[in-house]
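First the structure, in the form of structure tokens, and then the observations on it.
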Amino acid sequence: MPMSPVSETTHPLKLAERMSRLGTETAFEVLVKARALEAKGKSVIHLEIGEPDFDTPANIVDSAVDALRKGWTHYGPAAGLPQLREAIAEDVSRSRGVPVSPEEVVVVPGGKPVMFFVILALAQAGDEVIYPNPGFPIYESMINFSGAKAVPLRLREEMDFRFDVKELASLITDRTRLIILNSPHNPTGGVLTGQDIQEIAQVIGNRDVMILSDEIYSRLIFDGKHHSIAAVPGFKDRTIILDGFSKTYAMTGWRMGFGVMRTDLVPQVSRLVTNATSCTASFTQVAGVEALRGDQASVEKMRLEFLRRRDMFVKGLNQVKGFSCRVPAGAFYTFPNIEKTGWPSKKLADALLDDAGVAALSGTAFGVSGEGYLRFSIASSYENLEQALERIGNWAEKNL
Ligand SMILES: Cc1ncc(COP(=O)(O)O)c(C=O)c1O
């Protein structure tokens, strides 16, 4: 008989209380379930995970291999290698239209650690943090973990998944410490307009409130342009821009991202880096310079392919009985409304995986306001997406 991996013990595991406040990301759980079904011989189309299905561009891979051979295999500074901080500062200054210096940049292993470190550094019990709902699940998880109160800001389907700025105004109190913005948005694909950003800035006014602006999909916009609140006069010092290499350059597994923040916050976040990871892997950072300064043709090529898939997939979803899907203006997700199927989101996502072999996420994986929706990632080939539509359509005809 195979040995159980969990050893029997008479000593119960006593976890710290804070662990009960930490959430997770369901995408990885659905992936595990889908893989288990595949191991039993079932065919599954994976539309659950949010990572580009493309390989990292060759010039970036070559640069990392070269860096390894040249000995970039040691610890580096906690805030990142100076040459990468400089390349990021240059890139962000250009793309956001606001001057950024290398001293305002902290490089970390992925975009997620920016959330982790910044929320831990700024929020605590007694504070309130406003965050988009539905939204990336780690926001709510980390706010709860910090001890602060999580205050959801509802995204509105009828506004193409932007939010009503008046609603934001009604949620701001004297206790509001941090406001999280995410544009382009996961899971809905919503993009804040230039006017939205101006109105948000007006509503925040001169308050001593910080903004965590998650701009990890800023290079993946199909309709409109990217606008960062950091560029609004008077807001740069109160904004932390979160961005990284995962989505733009198909580098999810490399683990490299960065935060852009005021210089007096940099040593605080760096101290958290020192305690957690010491630094980001040095050879990946050398390749990061190549990613930012090298040929950008592959970024545009990936964007155009996502656009082609989006148009086909959204059209197809809108033909499925009970589904209605807005056209996402950015990122690589579709977020159809499935209320007319009469099924709750989680049950429908489970049935599509078990019966139709299509892995998607329940909208509720992104918060309570995700009920009534499913998220399908379009980071899968055009052919896979076509086949997924066929499977979903057939399933709906039979079961709805
Ligand atoms: C909105 C958003 N922010 C941040 C991240 C994290 O990116 P990374 O993989 O670089 O940690 C993701 C990843 O899915 C995301 O969707």
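Ligands are numbered from 1 in the order shown, chains are lettered A, B, ... in the order of the structure tokens, and residues start at 1 in each chain.
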Legend entry - Within 10 Å of Ser362 in chain A using only C-alpha atoms, minus same-chain residues under 6 positions, as a ChimeraX atom specification: /A:26-27,30,48,335,344-350,370-376
If you keep all heavy atoms, can you produce a file of those selected residues as a compact mmCIF listing (two decimals), in the first residue's frame?
# COMPACT_ATOMS: atom_id res chain seq x y z
N THR A 26 -8.47 30.81 -6.85
CA THR A 26 -9.09 29.55 -7.25
C THR A 26 -8.59 29.01 -8.58
O THR A 26 -8.71 27.82 -8.84
CB THR A 26 -10.62 29.74 -7.39
OG1 THR A 26 -11.01 30.79 -6.54
CG2 THR A 26 -11.39 28.51 -7.05
N ALA A 27 -8.04 29.89 -9.42
CA ALA A 27 -7.60 29.44 -10.75
C ALA A 27 -6.69 28.23 -10.63
O ALA A 27 -6.79 27.28 -11.41
CB ALA A 27 -6.88 30.57 -11.46
N VAL A 30 -8.72 25.04 -9.83
CA VAL A 30 -9.44 24.50 -10.99
C VAL A 30 -8.45 23.81 -11.93
O VAL A 30 -8.74 22.74 -12.48
CB VAL A 30 -10.22 25.63 -11.72
CG1 VAL A 30 -10.87 25.10 -13.00
CG2 VAL A 30 -11.28 26.22 -10.80
N GLU A 48 -8.96 28.48 -17.88
CA GLU A 48 -9.06 28.94 -16.50
C GLU A 48 -7.90 29.82 -16.05
O GLU A 48 -8.05 30.67 -15.19
CB GLU A 48 -9.22 27.75 -15.53
CG GLU A 48 -7.98 26.88 -15.28
CD GLU A 48 -7.73 25.82 -16.34
OE1 GLU A 48 -7.88 26.15 -17.53
OE2 GLU A 48 -7.37 24.69 -15.99
N PHE A 335 -15.89 37.85 -19.81
CA PHE A 335 -16.63 37.72 -18.55
C PHE A 335 -18.13 37.73 -18.85
O PHE A 335 -18.83 38.70 -18.55
CB PHE A 335 -16.23 38.88 -17.63
CG PHE A 335 -16.46 38.64 -16.17
CD1 PHE A 335 -15.80 37.62 -15.49
CD2 PHE A 335 -17.32 39.47 -15.43
CE1 PHE A 335 -15.99 37.41 -14.13
CE2 PHE A 335 -17.52 39.27 -14.07
CZ PHE A 335 -16.84 38.24 -13.42
N PRO A 344 -26.41 28.89 -10.98
CA PRO A 344 -25.41 29.68 -10.25
C PRO A 344 -24.03 29.49 -10.90
O PRO A 344 -23.76 28.44 -11.51
CB PRO A 344 -25.42 29.08 -8.83
CG PRO A 344 -26.41 27.99 -8.83
CD PRO A 344 -26.91 27.76 -10.21
N SER A 345 -23.17 30.50 -10.78
CA SER A 345 -21.89 30.49 -11.50
C SER A 345 -21.02 29.27 -11.20
O SER A 345 -20.47 28.65 -12.11
CB SER A 345 -21.10 31.75 -11.16
OG SER A 345 -21.82 32.87 -11.54
N LYS A 346 -20.89 28.95 -9.92
CA LYS A 346 -19.96 27.87 -9.55
C LYS A 346 -20.45 26.53 -10.11
O LYS A 346 -19.66 25.73 -10.64
CB LYS A 346 -19.86 27.83 -8.01
CG LYS A 346 -19.05 26.70 -7.43
CD LYS A 346 -17.55 26.97 -7.56
CE LYS A 346 -16.69 25.98 -6.81
NZ LYS A 346 -16.75 24.61 -7.30
N LYS A 347 -21.77 26.33 -10.00
CA LYS A 347 -22.35 25.06 -10.49
C LYS A 347 -22.16 24.95 -12.01
O LYS A 347 -21.84 23.87 -12.53
CB LYS A 347 -23.84 25.03 -10.11
CG LYS A 347 -24.47 23.68 -10.25
CD LYS A 347 -25.88 23.65 -9.69
CE LYS A 347 -26.64 22.49 -10.31
NZ LYS A 347 -28.05 22.76 -10.51
N LEU A 348 -22.34 26.08 -12.69
CA LEU A 348 -22.19 26.07 -14.16
C LEU A 348 -20.73 25.81 -14.54
O LEU A 348 -20.45 25.01 -15.45
CB LEU A 348 -22.69 27.40 -14.75
CG LEU A 348 -22.68 27.51 -16.26
CD1 LEU A 348 -23.54 26.42 -16.91
CD2 LEU A 348 -23.18 28.88 -16.72
N ALA A 349 -19.79 26.46 -13.84
CA ALA A 349 -18.37 26.24 -14.15
C ALA A 349 -18.00 24.78 -13.91
O ALA A 349 -17.29 24.17 -14.73
CB ALA A 349 -17.50 27.16 -13.28
N ASP A 350 -18.51 24.21 -12.82
CA ASP A 350 -18.23 22.79 -12.52
C ASP A 350 -18.80 21.89 -13.61
O ASP A 350 -18.14 20.96 -14.08
CB ASP A 350 -18.84 22.38 -11.17
CG ASP A 350 -18.04 22.94 -10.00
OD1 ASP A 350 -16.88 23.35 -10.23
OD2 ASP A 350 -18.57 22.97 -8.87
N GLY A 370 -19.17 38.75 -8.39
CA GLY A 370 -18.94 37.93 -9.58
C GLY A 370 -20.03 36.90 -9.81
O GLY A 370 -20.01 36.20 -10.83
N GLU A 371 -21.00 36.82 -8.88
CA GLU A 371 -22.12 35.87 -9.09
C GLU A 371 -22.88 36.30 -10.35
O GLU A 371 -23.09 37.49 -10.59
CB GLU A 371 -23.05 35.87 -7.87
CG GLU A 371 -24.17 34.85 -7.95
CD GLU A 371 -23.71 33.41 -8.26
OE1 GLU A 371 -23.29 32.73 -7.31
OE2 GLU A 371 -23.75 32.99 -9.44
N GLY A 372 -23.23 35.30 -11.17
CA GLY A 372 -23.94 35.62 -12.42
C GLY A 372 -23.00 35.70 -13.61
O GLY A 372 -23.43 35.99 -14.73
N TYR A 373 -21.70 35.42 -13.37
CA TYR A 373 -20.73 35.51 -14.47
C TYR A 373 -19.77 34.32 -14.45
O TYR A 373 -19.60 33.65 -13.42
CB TYR A 373 -19.88 36.78 -14.33
CG TYR A 373 -20.68 38.06 -14.34
CD1 TYR A 373 -21.16 38.61 -13.15
CD2 TYR A 373 -20.97 38.70 -15.54
CE1 TYR A 373 -21.93 39.77 -13.15
CE2 TYR A 373 -21.72 39.88 -15.55
CZ TYR A 373 -22.20 40.40 -14.35
OH TYR A 373 -22.95 41.56 -14.37
N LEU A 374 -19.15 34.09 -15.61
CA LEU A 374 -18.03 33.14 -15.69
C LEU A 374 -16.85 33.89 -16.29
O LEU A 374 -17.04 34.87 -17.02
CB LEU A 374 -18.36 31.97 -16.63
CG LEU A 374 -19.44 30.97 -16.24
CD1 LEU A 374 -19.56 29.90 -17.32
CD2 LEU A 374 -19.15 30.33 -14.89
N ARG A 375 -15.63 33.42 -15.98
CA ARG A 375 -14.47 34.00 -16.67
C ARG A 375 -13.80 32.94 -17.53
O ARG A 375 -13.44 31.87 -17.05
CB ARG A 375 -13.43 34.54 -15.68
CG ARG A 375 -12.35 35.35 -16.42
CD ARG A 375 -11.13 35.63 -15.58
NE ARG A 375 -10.22 34.49 -15.53
CZ ARG A 375 -8.99 34.52 -15.01
NH1 ARG A 375 -8.54 35.65 -14.47
NH2 ARG A 375 -8.24 33.44 -14.99
N PHE A 376 -13.70 33.27 -18.82
CA PHE A 376 -12.94 32.43 -19.74
C PHE A 376 -11.70 33.23 -20.16
O PHE A 376 -11.84 34.35 -20.65
CB PHE A 376 -13.74 32.14 -21.02
CG PHE A 376 -14.97 31.31 -20.80
CD1 PHE A 376 -16.21 31.92 -20.57
CD2 PHE A 376 -14.91 29.92 -20.83
CE1 PHE A 376 -17.36 31.16 -20.38
CE2 PHE A 376 -16.06 29.16 -20.64
CZ PHE A 376 -17.28 29.78 -20.41
Inset, instruction - Enumerate the residues of range 162-388 of chain A with a DSSP assignment of helix (DSSP H, G or I), computed from the backbone, and present them as a PyMOL selection string. - result: chain A and resi 165-171+194-204+229-231+236-238+252-254+266-276+282-293+297-317+339-341+345-356+363-366+368-370+382-388
Inset, instruction - Point out the residue among A:Arg69, A:Arg271, A:Arg219, A:Lys398 with the least atom-to-atom distance to Lys301 in chain A, counting only C-alpha atoms. - result: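 Closest to Lys301 in chain A, using only C-alpha atoms: A:Arg219.
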Inset, instruction - Please identify which residues in range 143-331 of chain A DSSP calls strand (DSSP E or B) from the backbone, and express them as JSON, numbers by chain. - result: {"A": [149, 150, 151, 152, 153, 154, 156, 162, 176, 177, 178, 179, 180, 181, 182, 210, 211, 212, 213, 214, 221, 239, 240, 241, 242, 243, 244, 257, 258, 259, 260, 324, 330]}
Inset, instruction - Could you give me, as a list in words, every polymer residue with an atom at most 6 Å away from an atom of ligand 1, counting only C-alpha atoms and all ligand atoms? - result: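 Based on only C-alpha atoms and all ligand atoms, ligand 1 is surrounded within 6 Å by Gly50, Gly110, Gly111, Lys112, Phe136, Asn186, Asp214, Ile216, Gly244, Ser246, Thr252 and Gly257 of chain A.
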Inset, instruction - Extract, using only C-alpha atoms, all DNA, RNA and protein residues at most 8 Å from range 70-83 of chain A, discarding same-chain residues fewer than 2 positions from it, and format them as a PyMOL selection string. - result: chain A and resi 66-68+85-87+102+105-108+266+270-271+273-274+278-283+285-286+289
Hey, can you spit out that residue selection with C-alpha atoms as a compact mmCIF listing (two decimals), in the first residue's frame?
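Output file part_33.txt is given in full below:
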# COMPACT_ATOMS: atom_id res chain seq x y z
CA ASP A 66 23.95 34.75 -21.65
CA ALA A 67 23.60 36.38 -18.20
CA LEU A 68 23.78 32.96 -16.53
CA ARG A 85 15.63 50.12 -12.27
CA GLU A 86 16.93 52.63 -14.78
CA ALA A 87 15.33 50.84 -17.76
CA PRO A 102 15.33 54.80 -10.86
CA VAL A 105 11.50 51.72 -8.59
CA VAL A 106 11.53 48.44 -6.61
CA VAL A 107 11.95 45.18 -8.54
CA VAL A 108 10.27 42.12 -6.99
CA VAL A 266 11.11 52.45 -1.32
CA SER A 270 12.88 46.97 0.25
CA ARG A 271 13.02 45.95 3.92
CA VAL A 273 11.94 42.24 0.24
CA THR A 274 15.07 41.67 2.36
CA SER A 278 16.47 38.99 -0.34
CA CYS A 279 16.18 40.00 -3.99
CA THR A 280 14.81 39.03 -7.40
CA ALA A 281 16.93 36.54 -9.37
CA SER A 282 19.83 38.47 -10.93
CA PHE A 283 19.98 36.83 -14.37
CA GLN A 285 16.76 41.06 -14.16
CA VAL A 286 19.49 41.29 -16.80
CA VAL A 289 16.59 45.10 -19.41
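When only C-alpha atoms are used to compute distances to Ile60 in chain A, the closest of the residues A:Gly316, A:Gly288, A:Gly97, A:Gly357 turns out to be A:Gly288.
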Inset, instruction - Work out how far apart CA of Asp295 in chain A and CA of Ala58 in chain A are and give it in Å to one decimal. - result: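 It comes out at 10.4 Å.
For the pair CA of Ala331 in chain A and CA of Leu122 in chain A, the interatomic distance is 27.6 Å.
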Inset, instruction - Using only C-alpha atoms, determine which residues lie at most 10 Å from Phe145 in chain A, disregarding the query and same-chain residues fewer than 5 positions distant; provide the list as a list of chain:residue names. - result: A:Glu17, A:Arg18, A:Met19, A:Ser20, A:Arg21, A:Leu22, A:Gly23, A:Phe116, A:Ile119, A:Leu120, A:Ala123, A:Gln124, A:Ala125, A:Tyr139, A:Glu140, A:Ala150
Inset, instruction - Considering only C-alpha atoms, return as a list in words whatever protein or nucleic-acid residues lie within 10 Å of Ile204 in chain A, sequence-local ones (same chain, fewer than 5 positions apart) excluded. - result: Leu168, Ala169, Ile172, Ile179, Glu199, Val209, Met210, Ile211 and Phe235 of chain A
Inset, instruction - To one decimal in Å, tell me the separation between CA of Leu307 in chain A and CA of Phe222 in chain A. - result: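 It comes out at 6.5 Å.
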Inset, instruction - Just the residues within 8 Å of Ile378 in chain A, please, counting only C-alpha atoms, with nothing from its chain fewer than 2 positions along; format it as a PyMOL selection string. - result: chain A and resi 47+306+309-310+313+332-334+376+380-381+385
Take the residues from that selection and put them in a file with N, CA, C and O atoms, as a short mmCIF file (atom, residue, chain, number, x, y, z; two decimals), in the first residue's frame.
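Contents of the output file selection31.cif:
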data_model
loop_
_atom_site.label_atom_id
_atom_site.label_comp_id
_atom_site.auth_asym_id
_atom_site.auth_seq_id
_atom_site.Cartn_x
_atom_site.Cartn_y
_atom_site.Cartn_z
N LEU A 47 -9.26 27.07 -20.13
CA LEU A 47 -9.50 28.51 -20.25
C LEU A 47 -9.60 29.13 -18.85
O LEU A 47 -10.25 30.14 -18.64
N PHE A 306 -4.41 38.24 -29.52
CA PHE A 306 -5.46 38.27 -28.49
C PHE A 306 -6.71 38.97 -29.03
O PHE A 306 -7.84 38.57 -28.76
N ARG A 309 -8.63 36.67 -31.32
CA ARG A 309 -9.35 35.66 -30.53
C ARG A 309 -10.55 36.28 -29.80
O ARG A 309 -11.61 35.69 -29.73
N ARG A 310 -10.31 37.47 -29.25
CA ARG A 310 -11.40 38.13 -28.52
C ARG A 310 -12.62 38.29 -29.40
O ARG A 310 -13.74 37.94 -29.01
N PHE A 313 -14.27 34.91 -30.07
CA PHE A 313 -14.79 34.21 -28.90
C PHE A 313 -16.01 34.93 -28.31
O PHE A 313 -17.00 34.30 -27.94
N PHE A 332 -6.77 39.71 -21.21
CA PHE A 332 -7.13 38.56 -22.07
C PHE A 332 -8.18 37.66 -21.43
O PHE A 332 -8.00 36.46 -21.35
N TYR A 333 -9.27 38.32 -21.01
CA TYR A 333 -10.36 37.57 -20.40
C TYR A 333 -11.69 38.00 -21.01
O TYR A 333 -11.84 39.14 -21.44
N THR A 334 -12.65 37.05 -20.99
CA THR A 334 -14.03 37.40 -21.30
C THR A 334 -14.84 37.07 -20.05
O THR A 334 -14.50 36.14 -19.32
N PHE A 376 -13.70 33.27 -18.82
CA PHE A 376 -12.94 32.43 -19.74
C PHE A 376 -11.70 33.23 -20.16
O PHE A 376 -11.84 34.35 -20.65
N SER A 380 -5.46 31.03 -25.02
CA SER A 380 -5.36 29.68 -25.57
C SER A 380 -5.54 29.83 -27.08
O SER A 380 -6.08 30.85 -27.53
N SER A 381 -5.10 28.84 -27.85
CA SER A 381 -5.07 29.03 -29.31
C SER A 381 -6.47 29.29 -29.89
O SER A 381 -7.49 28.90 -29.30
N LEU A 385 -10.09 27.73 -28.76
CA LEU A 385 -11.23 28.58 -28.40
C LEU A 385 -12.45 28.22 -29.24
O LEU A 385 -13.58 28.17 -28.75
#
Do you know which residues are at most 8 Å from Leu272 in chain A counting only C-alpha atoms, after dropping those on the same chain fewer than 4 positions away, and could you put them as a PDB file with N, CA, C and O atoms, in the first residue's frame?
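Result file follows (around.pdb):
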ATOM      1  N   PHE A 117       3.567  43.335  -0.453  1.00  0.00           N
ATOM      2  CA  PHE A 117       4.435  44.223   0.331  1.00  0.00           C
ATOM      3  C   PHE A 117       3.780  45.585   0.574  1.00  0.00           C
ATOM      4  O   PHE A 117       3.870  46.123   1.672  1.00  0.00           O
ATOM      5  N   GLN A 268      11.154  51.056   2.751  1.00  0.00           N
ATOM      6  CA  GLN A 268      10.231  50.237   3.557  1.00  0.00           C
ATOM      7  C   GLN A 268       9.869  48.957   2.798  1.00  0.00           C
ATOM      8  O   GLN A 268       9.908  47.858   3.360  1.00  0.00           O
ATOM      9  N   ALA A 276      11.811  38.792   3.009  1.00  0.00           N
ATOM     10  CA  ALA A 276      11.074  37.711   2.345  1.00  0.00           C
ATOM     11  C   ALA A 276      11.924  36.941   1.335  1.00  0.00           C
ATOM     12  O   ALA A 276      11.960  35.712   1.364  1.00  0.00           O
TER      13      ALA A 276
END
Legend entry - From A:Gly135, A:Pro152, A:Gly253, A:Gly259, residue lying nearest Glu103 in chain A [only C-alpha atoms]: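 Using only C-alpha atoms, Glu103 in chain A sits closest to A:Gly259.
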Legend entry - Residue nearest Ala64 in chain A - candidates A:Thr284, A:Asn206, A:Thr10, A:Asn133, atoms counted: only C-alpha atoms: A:Thr284
